[in-house]
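For reference, start00.pdb is printed below; it contains PDB, C-alpha atoms.
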ATOM      1  CA  MET A 252     114.397 -23.025  32.383  1.00  0.00           C
ATOM      2  CA  PRO A 253     112.055 -25.878  33.356  1.00  0.00           C
ATOM      3  CA  VAL A 254     112.447 -27.474  36.751  1.00  0.00           C
ATOM      4  CA  ARG A 255     113.551 -31.112  36.720  1.00  0.00           C
ATOM      5  CA  LEU A 256     111.594 -33.773  38.568  1.00  0.00           C
ATOM      6  CA  SER A 257     114.577 -34.399  40.863  1.00  0.00           C
ATOM      7  CA  THR A 258     114.503 -30.725  41.894  1.00  0.00           C
ATOM      8  CA  THR A 259     110.756 -30.865  42.516  1.00  0.00           C
ATOM      9  CA  LEU A 260     111.132 -34.019  44.621  1.00  0.00           C
ATOM     10  CA  SER A 261     113.830 -32.346  46.725  1.00  0.00           C
ATOM     11  CA  LYS A 262     111.389 -29.503  47.474  1.00  0.00           C
ATOM     12  CA  ILE A 263     108.830 -31.855  49.058  1.00  0.00           C
ATOM     13  CA  SER A 264     110.840 -31.847  52.289  1.00  0.00           C
ATOM     14  CA  SER A 265     110.460 -28.057  52.493  1.00  0.00           C
ATOM     15  CA  VAL A 266     106.643 -28.295  52.667  1.00  0.00           C
ATOM     16  CA  PRO A 267     105.692 -26.668  55.991  1.00  0.00           C
ATOM     17  CA  ASN A 268     103.303 -29.449  57.054  1.00  0.00           C
ATOM     18  CA  SER A 269     104.977 -32.848  57.492  1.00  0.00           C
ATOM     19  CA  THR A 270     101.705 -34.721  56.876  1.00  0.00           C
ATOM     20  CA  ASN A 271     101.362 -33.007  53.495  1.00  0.00           C
ATOM     21  CA  ALA A 272     104.992 -33.802  52.681  1.00  0.00           C
ATOM     22  CA  ASP A 273     104.350 -37.491  53.420  1.00  0.00           C
ATOM     23  CA  LEU A 274     101.212 -37.417  51.281  1.00  0.00           C
ATOM     24  CA  LEU A 275     103.167 -35.894  48.384  1.00  0.00           C
ATOM     25  CA  ASP A 276     105.756 -38.664  48.666  1.00  0.00           C
ATOM     26  CA  GLY A 277     102.909 -41.191  48.552  1.00  0.00           C
ATOM     27  CA  LEU A 278     101.309 -39.464  45.578  1.00  0.00           C
ATOM     28  CA  TYR A 279     104.568 -39.604  43.655  1.00  0.00           C
ATOM     29  CA  ALA A 280     105.052 -43.286  44.506  1.00  0.00           C
ATOM     30  CA  PHE A 281     101.518 -44.000  43.257  1.00  0.00           C
ATOM     31  CA  MET A 282     102.026 -42.046  40.037  1.00  0.00           C
ATOM     32  CA  LYS A 283     105.204 -44.017  39.340  1.00  0.00           C
ATOM     33  CA  THR A 284     103.307 -47.307  39.680  1.00  0.00           C
ATOM     34  CA  THR A 285     100.643 -46.154  37.205  1.00  0.00           C
ATOM     35  CA  GLY A 286     103.239 -45.293  34.567  1.00  0.00           C
ATOM     36  CA  ALA A 287     102.618 -41.532  34.634  1.00  0.00           C
ATOM     37  CA  THR A 288     105.157 -39.580  32.627  1.00  0.00           C
ATOM     38  CA  GLU A 289     107.942 -37.706  34.347  1.00  0.00           C
ATOM     39  CA  SER A 290     106.523 -34.435  33.027  1.00  0.00           C
ATOM     40  CA  TYR A 291     103.045 -35.193  34.400  1.00  0.00           C
ATOM     41  CA  CYS A 292     104.456 -36.181  37.797  1.00  0.00           C
ATOM     42  CA  ASN A 293     106.593 -33.052  37.875  1.00  0.00           C
ATOM     43  CA  ASN A 294     103.741 -30.678  37.039  1.00  0.00           C
ATOM     44  CA  THR A 295     101.302 -32.318  39.445  1.00  0.00           C
ATOM     45  CA  LEU A 296     103.837 -32.273  42.281  1.00  0.00           C
ATOM     46  CA  LYS A 297     104.826 -28.643  41.626  1.00  0.00           C
ATOM     47  CA  THR A 298     101.181 -27.616  41.898  1.00  0.00           C
ATOM     48  CA  ALA A 299     100.622 -29.722  45.026  1.00  0.00           C
ATOM     49  CA  ILE A 300     103.755 -28.295  46.684  1.00  0.00           C
ATOM     50  CA  ALA A 301     102.611 -24.741  45.920  1.00  0.00           C
ATOM     51  CA  PHE A 302      99.182 -25.546  47.388  1.00  0.00           C
ATOM     52  CA  ALA A 303     100.755 -27.114  50.491  1.00  0.00           C
ATOM     53  CA  ARG A 304     102.858 -23.993  51.019  1.00  0.00           C
ATOM     54  CA  TYR A 305      99.764 -21.853  50.567  1.00  0.00           C
ATOM     55  CA  LEU A 306      97.977 -23.863  53.273  1.00  0.00           C
ATOM     56  CA  GLY A 307     100.921 -23.429  55.636  1.00  0.00           C
ATOM     57  CA  PRO A 308     102.019 -25.565  58.596  1.00  0.00           C
ATOM     58  CA  ASP A 309      98.641 -25.772  60.326  1.00  0.00           C
ATOM     59  CA  GLN A 310      96.462 -27.427  57.689  1.00  0.00           C
ATOM     60  CA  SER A 311      96.816 -30.783  55.967  1.00  0.00           C
ATOM     61  CA  PHE A 312      95.216 -32.000  52.749  1.00  0.00           C
ATOM     62  CA  TYR A 313      93.062 -34.312  54.886  1.00  0.00           C
ATOM     63  CA  GLU A 314      91.346 -31.276  56.410  1.00  0.00           C
ATOM     64  CA  ILE A 315      90.296 -29.645  53.147  1.00  0.00           C
ATOM     65  CA  ARG A 316      86.525 -29.953  52.840  1.00  0.00           C
ATOM     66  CA  ALA A 317      85.477 -26.644  51.263  1.00  0.00           C
ATOM     67  CA  LYS A 318      85.738 -25.424  47.672  1.00  0.00           C
ATOM     68  CA  TYR A 319      86.872 -21.973  48.734  1.00  0.00           C
ATOM     69  CA  LYS A 320      90.118 -23.415  50.129  1.00  0.00           C
ATOM     70  CA  ILE A 321      91.006 -24.548  46.616  1.00  0.00           C
ATOM     71  CA  THR A 322      89.568 -21.583  44.708  1.00  0.00           C
ATOM     72  CA  ASP A 323      91.277 -19.051  46.977  1.00  0.00           C
ATOM     73  CA  PHE A 324      94.607 -20.652  46.084  1.00  0.00           C
ATOM     74  CA  LEU A 325      93.746 -20.785  42.377  1.00  0.00           C
ATOM     75  CA  ASP A 326      92.684 -17.149  42.436  1.00  0.00           C
ATOM     76  CA  THR A 327      96.231 -16.170  43.410  1.00  0.00           C
ATOM     77  CA  LYS A 328      97.106 -17.019  39.783  1.00  0.00           C
ATOM     78  CA  ILE A 329      94.762 -14.382  38.344  1.00  0.00           C
ATOM     79  CA  LYS A 330      96.521 -11.464  36.670  1.00  0.00           C
ATOM     80  CA  ASP A 331      95.084  -8.062  35.836  1.00  0.00           C
ATOM     81  CA  ASP A 332      94.234  -7.018  32.272  1.00  0.00           C
ATOM     82  CA  VAL A 333      97.290  -4.776  31.998  1.00  0.00           C
ATOM     83  CA  THR A 334      99.736  -7.550  32.883  1.00  0.00           C
ATOM     84  CA  ASP A 335      97.899 -10.243  30.906  1.00  0.00           C
ATOM     85  CA  PRO A 336      95.540  -8.737  28.313  1.00  0.00           C
ATOM     86  CA  ASP A 337      95.043 -12.125  26.582  1.00  0.00           C
ATOM     87  CA  LYS A 338      94.028 -13.698  29.917  1.00  0.00           C
ATOM     88  CA  ARG A 339      96.529 -16.513  29.571  1.00  0.00           C
ATOM     89  CA  TRP A 340      96.304 -16.932  33.339  1.00  0.00           C
ATOM     90  CA  ILE A 341      93.081 -18.891  32.715  1.00  0.00           C
ATOM     91  CA  THR A 342      95.120 -21.755  31.242  1.00  0.00           C
ATOM     92  CA  ILE A 343      97.344 -21.811  34.340  1.00  0.00           C
ATOM     93  CA  TRP A 344      94.287 -21.641  36.620  1.00  0.00           C
ATOM     94  CA  ASN A 345      92.693 -24.591  34.799  1.00  0.00           C
ATOM     95  CA  ASP A 346      95.940 -26.610  34.773  1.00  0.00           C
ATOM     96  CA  TYR A 347      96.385 -26.109  38.517  1.00  0.00           C
ATOM     97  CA  LEU A 348      92.744 -27.076  39.057  1.00  0.00           C
ATOM     98  CA  GLY A 349      93.273 -30.346  37.175  1.00  0.00           C
ATOM     99  CA  ASP A 350      96.367 -31.130  39.234  1.00  0.00           C
ATOM    100  CA  LEU A 351      94.584 -30.438  42.521  1.00  0.00           C
ATOM    101  CA  LYS A 352      91.592 -32.530  41.472  1.00  0.00           C
ATOM    102  CA  TYR A 353      93.975 -35.420  40.791  1.00  0.00           C
ATOM    103  CA  LEU A 354      95.554 -34.952  44.223  1.00  0.00           C
ATOM    104  CA  PHE A 355      92.207 -35.035  46.035  1.00  0.00           C
ATOM    105  CA  ARG A 356      90.832 -37.854  43.892  1.00  0.00           C
ATOM    106  CA  TRP A 357      93.939 -39.914  44.764  1.00  0.00           C
ATOM    107  CA  LEU A 358      93.639 -38.987  48.445  1.00  0.00           C
ATOM    108  CA  HIS A 359      89.956 -39.918  48.768  1.00  0.00           C
ATOM    109  CA  ASN A 360      89.758 -42.893  46.403  1.00  0.00           C
ATOM    110  CA  TYR A 361      93.099 -44.533  47.066  1.00  0.00           C
ATOM    111  CA  LYS A 362      95.098 -43.278  50.053  1.00  0.00           C
ATOM    112  CA  LEU A 363      92.280 -43.093  52.613  1.00  0.00           C
ATOM    113  CA  LYS A 364      91.049 -46.552  51.624  1.00  0.00           C
ATOM    114  CA  VAL A 365      94.544 -48.013  51.984  1.00  0.00           C
ATOM    115  CA  ASP A 366      94.869 -46.352  55.409  1.00  0.00           C
ATOM    116  CA  GLN A 367      91.544 -47.923  56.486  1.00  0.00           C
ATOM    117  CA  GLY A 368      92.585 -51.364  55.253  1.00  0.00           C
ATOM    118  CA  LEU A 369      90.016 -51.354  52.440  1.00  0.00           C
ATOM    119  CA  GLU A 370      90.516 -52.325  48.818  1.00  0.00           C
ATOM    120  CA  PRO A 371      91.452 -49.100  46.993  1.00  0.00           C
ATOM    121  CA  ASP A 372      90.344 -48.022  43.538  1.00  0.00           C
ATOM    122  CA  SER A 373      93.712 -48.186  41.808  1.00  0.00           C
ATOM    123  CA  CYS A 374      92.402 -47.072  38.408  1.00  0.00           C
ATOM    124  CA  PRO A 375      92.218 -43.253  38.271  1.00  0.00           C
ATOM    125  CA  SER A 376      89.567 -43.349  35.542  1.00  0.00           C
ATOM    126  CA  GLU A 377      87.163 -44.976  38.029  1.00  0.00           C
ATOM    127  CA  TRP A 378      87.775 -42.477  40.827  1.00  0.00           C
ATOM    128  CA  GLU A 379      85.079 -40.106  42.005  1.00  0.00           C
ATOM    129  CA  THR A 380      85.902 -36.465  42.555  1.00  0.00           C
ATOM    130  CA  PRO A 381      85.102 -35.327  46.118  1.00  0.00           C
ATOM    131  CA  SER A 382      82.256 -32.786  46.191  1.00  0.00           C
ATOM    132  CA  PHE A 383      84.494 -29.959  47.437  1.00  0.00           C
ATOM    133  CA  ALA A 384      86.827 -30.471  44.459  1.00  0.00           C
ATOM    134  CA  GLN A 385      84.038 -30.399  41.867  1.00  0.00           C
ATOM    135  CA  ILE A 386      85.001 -27.004  40.527  1.00  0.00           C
ATOM    136  CA  ARG A 387      84.364 -25.959  36.949  1.00  0.00           C
ATOM    137  CA  LYS A 388      87.156 -24.824  34.695  1.00  0.00           C
ATOM    138  CA  LYS A 389      87.216 -21.193  33.705  1.00  0.00           C
ATOM    139  CA  LYS A 390      86.355 -20.465  30.101  1.00  0.00           C
ATOM    140  CA  THR A 391      88.439 -18.170  27.985  1.00  0.00           C
ATOM    141  CA  LYS A 392      87.014 -15.663  25.565  1.00  0.00           C
ATOM    142  CA  ARG A 393      90.038 -16.018  23.305  1.00  0.00           C
ATOM    143  CA  LEU A 394      89.035 -17.507  19.979  1.00  0.00           C
ATOM    144  CA  SER A 395      92.376 -19.203  19.590  1.00  0.00           C
ATOM    145  CA  PRO A 396      95.504 -19.663  21.662  1.00  0.00           C
ATOM    146  CA  TYR A 397      97.505 -18.796  18.518  1.00  0.00           C
ATOM    147  CA  GLY A 398      98.482 -15.358  17.274  1.00  0.00           C
ATOM    148  CA  LYS A 399      97.414 -14.165  13.826  1.00  0.00           C
ATOM    149  CA  ASN A 400     100.899 -14.860  12.426  1.00  0.00           C
ATOM    150  CA  GLU A 401     100.808 -18.474  13.637  1.00  0.00           C
ATOM    151  CA  ILE A 402      97.693 -19.491  11.654  1.00  0.00           C
ATOM    152  CA  TRP A 403      98.072 -20.810   8.128  1.00  0.00           C
ATOM    153  CA  GLU A 404      96.476 -19.020   5.194  1.00  0.00           C
ATOM    154  CA  LEU A 405      94.954 -21.055   2.352  1.00  0.00           C
ATOM    155  CA  ASN A 406      98.012 -20.673   0.108  1.00  0.00           C
ATOM    156  CA  GLU A 407     100.308 -21.860   2.939  1.00  0.00           C
ATOM    157  CA  LEU A 408      98.097 -24.896   3.513  1.00  0.00           C
ATOM    158  CA  GLN A 409      98.147 -25.730  -0.211  1.00  0.00           C
ATOM    159  CA  THR A 410     101.951 -25.574  -0.219  1.00  0.00           C
ATOM    160  CA  ILE A 411     102.179 -27.958   2.733  1.00  0.00           C
ATOM    161  CA  VAL A 412      99.624 -30.378   1.287  1.00  0.00           C
ATOM    162  CA  LYS A 413     101.430 -30.455  -2.057  1.00  0.00           C
ATOM    163  CA  TYR A 414     104.522 -31.988  -0.415  1.00  0.00           C
ATOM    164  CA  GLU A 415     102.714 -34.461   1.864  1.00  0.00           C
ATOM    165  CA  PRO A 416     103.149 -37.965   0.342  1.00  0.00           C
ATOM    166  CA  HIS A 417     100.205 -39.689   2.091  1.00  0.00           C
ATOM    167  CA  LYS A 418      96.587 -39.020   1.095  1.00  0.00           C
ATOM    168  CA  ARG A 419      95.375 -39.663   4.639  1.00  0.00           C
ATOM    169  CA  ASN A 420      97.640 -36.934   6.034  1.00  0.00           C
ATOM    170  CA  LYS A 421      96.616 -34.531   3.253  1.00  0.00           C
ATOM    171  CA  ALA A 422      92.970 -35.113   4.101  1.00  0.00           C
ATOM    172  CA  ALA A 423      93.602 -34.619   7.824  1.00  0.00           C
ATOM    173  CA  LEU A 424      95.463 -31.343   7.261  1.00  0.00           C
ATOM    174  CA  VAL A 425      92.736 -29.939   5.033  1.00  0.00           C
ATOM    175  CA  LEU A 426      89.925 -31.062   7.335  1.00  0.00           C
ATOM    176  CA  MET A 427      91.576 -29.590  10.431  1.00  0.00           C
ATOM    177  CA  TRP A 428      92.222 -26.290   8.631  1.00  0.00           C
ATOM    178  CA  ASP A 429      88.661 -26.224   7.317  1.00  0.00           C
ATOM    179  CA  GLU A 430      87.291 -26.998  10.787  1.00  0.00           C
ATOM    180  CA  TRP A 431      89.273 -24.125  12.281  1.00  0.00           C
ATOM    181  CA  THR A 432      88.159 -21.599   9.649  1.00  0.00           C
ATOM    182  CA  GLN A 433      84.490 -22.419  10.232  1.00  0.00           C
ATOM    183  CA  SER A 434      84.654 -21.991  14.001  1.00  0.00           C
TER     184      SER A 434
END

How does the structure come out when it is put into structure tokens?
Amino acid sequence: MPVRLSTTLSKISSVPNSTNADLLDGLYAFMKTTGATESYCNNTLKTAIAFARYLGPDQSFYEIRAKYKITDFLDTKIKDDVTDPDKRWITIWNDYLGDLKYLFRWLHNYKLKVDQGLEPDSCPSEWETPSFAQIRKKKTKRLSPYGKNEIWELNELQTIVKYEPHKRNKAALVLMWDEWTQS
């Protein structure tokens, strides 16, 4: 069962470092002002809380300056080939990476500038990623995230297209299916 945002917010107080807990409260307040969805806020905060717990009581987000601090945490999500033969952990690793990049981009482009009395960059699309957070996503060797039974055959596509009333949607369905079969 998915965790609600209210549950995630209540877990911020259990972060072992009070500075990190305050930063997470500030991050959530910022995300609310930008109109981020509840789901996005929830996922980002869950990742940040897990990272804060991983760091423990003696290290704050302010002190992170090395890539290995982030990658060591992300590598705890790696599963062996027996447990996860499809390597689905790569998606989790990449999702967590995106959430942590957002956290550090917010911290260095917004929060630190506000603390110094400077004009912050309030638009996330204009933020620069700190050098230590410039980590590449892992690539998967899976051809598709879908199982063989989840992909339409030509006759199934033709059945769907036959009942679609709009030409635009018919064209989109056929083009997307054709694109997938050629890749």

Residues selected by the PyMOL selection byres ((chain A and resi 342-355) around 10), written as a PyMOL selection string: chain A and resi 274-275+278+291-292+294-299+301-302+312-313+315+321-322+324-329+338-341+356-362+375+378-381+383-391+396

For atom CA of A:Leu306 and atom CA of A:Lys330, the interatomic separation in Å (one decimal): 20.8 Å

Distance of atom CA of A:Tyr319 from atom CA of A:Met282, expressed in Å to one decimal place: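 So the answer is 26.6 Å.
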
Resolved residues for the PyMOL selection byres ((chain A and resi 311) around 7) as number ranges by chain: A: 268, 270-271, 309-310, 312-314

Export of the given selection (C-alpha atoms) as a short mmCIF file (atom, residue, chain, number, x, y, z; two decimals), in the frame of the given file:
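And here's out14.cif as it stands now:
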data_model
loop_
_atom_site.label_atom_id
_atom_site.label_comp_id
_atom_site.auth_asym_id
_atom_site.auth_seq_id
_atom_site.Cartn_x
_atom_site.Cartn_y
_atom_site.Cartn_z
CA ASN A 268 103.30 -29.45 57.05
CA THR A 270 101.70 -34.72 56.88
CA ASN A 271 101.36 -33.01 53.50
CA ASP A 309 98.64 -25.77 60.33
CA GLN A 310 96.46 -27.43 57.69
CA PHE A 312 95.22 -32.00 52.75
CA TYR A 313 93.06 -34.31 54.89
CA GLU A 314 91.35 -31.28 56.41
#

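For stretch 398-412 of chain A, the non-local neighbours within 10 Å, defined as residues at least 6 positions apart in the same chain or in other chains and counting all atoms listed in the file, are Lys418, Asn420, Lys421, Ala422, Ala423, Leu424, Val425, Trp428, Asp429, Trp431 and Thr432 of chain A.
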
Output file for the selection above: C-alpha atoms, as a compact mmCIF listing (two decimals), in the frame of the given file:
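part13.txt, freshly written:
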# COMPACT_ATOMS: atom_id res chain seq x y z
CA LYS A 418 96.59 -39.02 1.10
CA ASN A 420 97.64 -36.93 6.03
CA LYS A 421 96.62 -34.53 3.25
CA ALA A 422 92.97 -35.11 4.10
CA ALA A 423 93.60 -34.62 7.82
CA LEU A 424 95.46 -31.34 7.26
CA VAL A 425 92.74 -29.94 5.03
CA TRP A 428 92.22 -26.29 8.63
CA ASP A 429 88.66 -26.22 7.32
CA TRP A 431 89.27 -24.12 12.28
CA THR A 432 88.16 -21.60 9.65

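Of note, atom CA of A:Ile300 and atom CA of A:Ala272 are spaced 8.2 Å apart.
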
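Run against this file, the PyMOL selection byres ((chain A and resi 289) around 12) gives back Val254, Arg255, Leu256, Ser257, Thr259, Leu260, Tyr279, Ala280, Met282, Lys283, Thr284, Thr285, Gly286, Ala287, Thr288, Ser290, Tyr291, Cys292, Asn293, Asn294, Thr295 and Leu296 of chain A.
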
Shortest interatomic distance to A:Asp366 - which of A:Gly277, A:Lys392, A:Met427, A:Pro308, counting all atoms listed in the file: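 Residue with the minimum atom-to-atom distance to A:Asp366: A:Gly277.
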
A:Pro267, A:Asp372, A:Leu363, A:Pro336 ranked by distance to A:Arg304, top pick (using only C-alpha atoms):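 With only C-alpha atoms as the atom set, the closest residue is A:Pro267.
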
Will you model N, CA and C atoms for stretch 310-331 of chain A and pass it back as a tab-separated table (two decimals), in the frame of the given file?
chain	number	residue	atom	x	y	z
A	310	GLN	N	97.58	-26.76	58.35
A	310	GLN	CA	96.46	-27.43	57.69
A	310	GLN	C	96.98	-28.49	56.72
A	311	SER	N	96.42	-29.70	56.86
A	311	SER	CA	96.82	-30.78	55.97
A	311	SER	C	95.77	-30.97	54.87
A	312	PHE	N	96.13	-31.70	53.85
A	312	PHE	CA	95.22	-32.00	52.75
A	312	PHE	C	93.99	-32.76	53.26
A	313	TYR	N	94.17	-33.56	54.31
A	313	TYR	CA	93.06	-34.31	54.89
A	313	TYR	C	91.94	-33.39	55.36
A	314	GLU	N	92.30	-32.20	55.81
A	314	GLU	CA	91.35	-31.28	56.41
A	314	GLU	C	90.58	-30.43	55.40
A	315	ILE	N	90.96	-30.46	54.16
A	315	ILE	CA	90.30	-29.64	53.15
A	315	ILE	C	88.94	-30.27	52.85
A	316	ARG	N	87.89	-29.49	53.07
A	316	ARG	CA	86.52	-29.95	52.84
A	316	ARG	C	85.66	-28.89	52.17
A	317	ALA	N	86.25	-27.74	51.85
A	317	ALA	CA	85.48	-26.64	51.26
A	317	ALA	C	86.12	-26.18	49.95
A	318	LYS	N	85.27	-25.88	48.98
A	318	LYS	CA	85.74	-25.42	47.67
A	318	LYS	C	86.57	-24.16	47.78
A	319	TYR	N	86.18	-23.26	48.67
A	319	TYR	CA	86.87	-21.97	48.73
A	319	TYR	C	88.35	-22.12	49.09
A	320	LYS	N	88.70	-23.20	49.80
A	320	LYS	CA	90.12	-23.42	50.13
A	320	LYS	C	90.93	-23.61	48.84
A	321	ILE	N	90.33	-24.30	47.89
A	321	ILE	CA	91.01	-24.55	46.62
A	321	ILE	C	90.92	-23.31	45.73
A	322	THR	N	89.73	-22.73	45.61
A	322	THR	CA	89.57	-21.58	44.71
A	322	THR	C	90.34	-20.36	45.19
A	323	ASP	N	90.48	-20.18	46.49
A	323	ASP	CA	91.28	-19.05	46.98
A	323	ASP	C	92.73	-19.19	46.53
A	324	PHE	N	93.25	-20.42	46.58
A	324	PHE	CA	94.61	-20.65	46.08
A	324	PHE	C	94.68	-20.40	44.58
A	325	LEU	N	93.74	-20.96	43.83
A	325	LEU	CA	93.75	-20.78	42.38
A	325	LEU	C	93.64	-19.32	41.99
A	326	ASP	N	92.87	-18.56	42.75
A	326	ASP	CA	92.68	-17.15	42.44
A	326	ASP	C	93.96	-16.32	42.63
A	327	THR	N	94.95	-16.88	43.30
A	327	THR	CA	96.23	-16.17	43.41
A	327	THR	C	96.95	-16.16	42.06
A	328	LYS	N	96.50	-16.96	41.12
A	328	LYS	CA	97.11	-17.02	39.78
A	328	LYS	C	96.49	-16.02	38.80
A	329	ILE	N	95.43	-15.35	39.22
A	329	ILE	CA	94.76	-14.38	38.34
A	329	ILE	C	95.63	-13.13	38.20
A	330	LYS	N	95.75	-12.68	36.96
A	330	LYS	CA	96.52	-11.46	36.67
A	330	LYS	C	95.58	-10.40	36.13
A	331	ASP	N	95.94	-9.15	36.33
A	331	ASP	CA	95.08	-8.06	35.84
A	331	ASP	C	95.21	-7.93	34.31
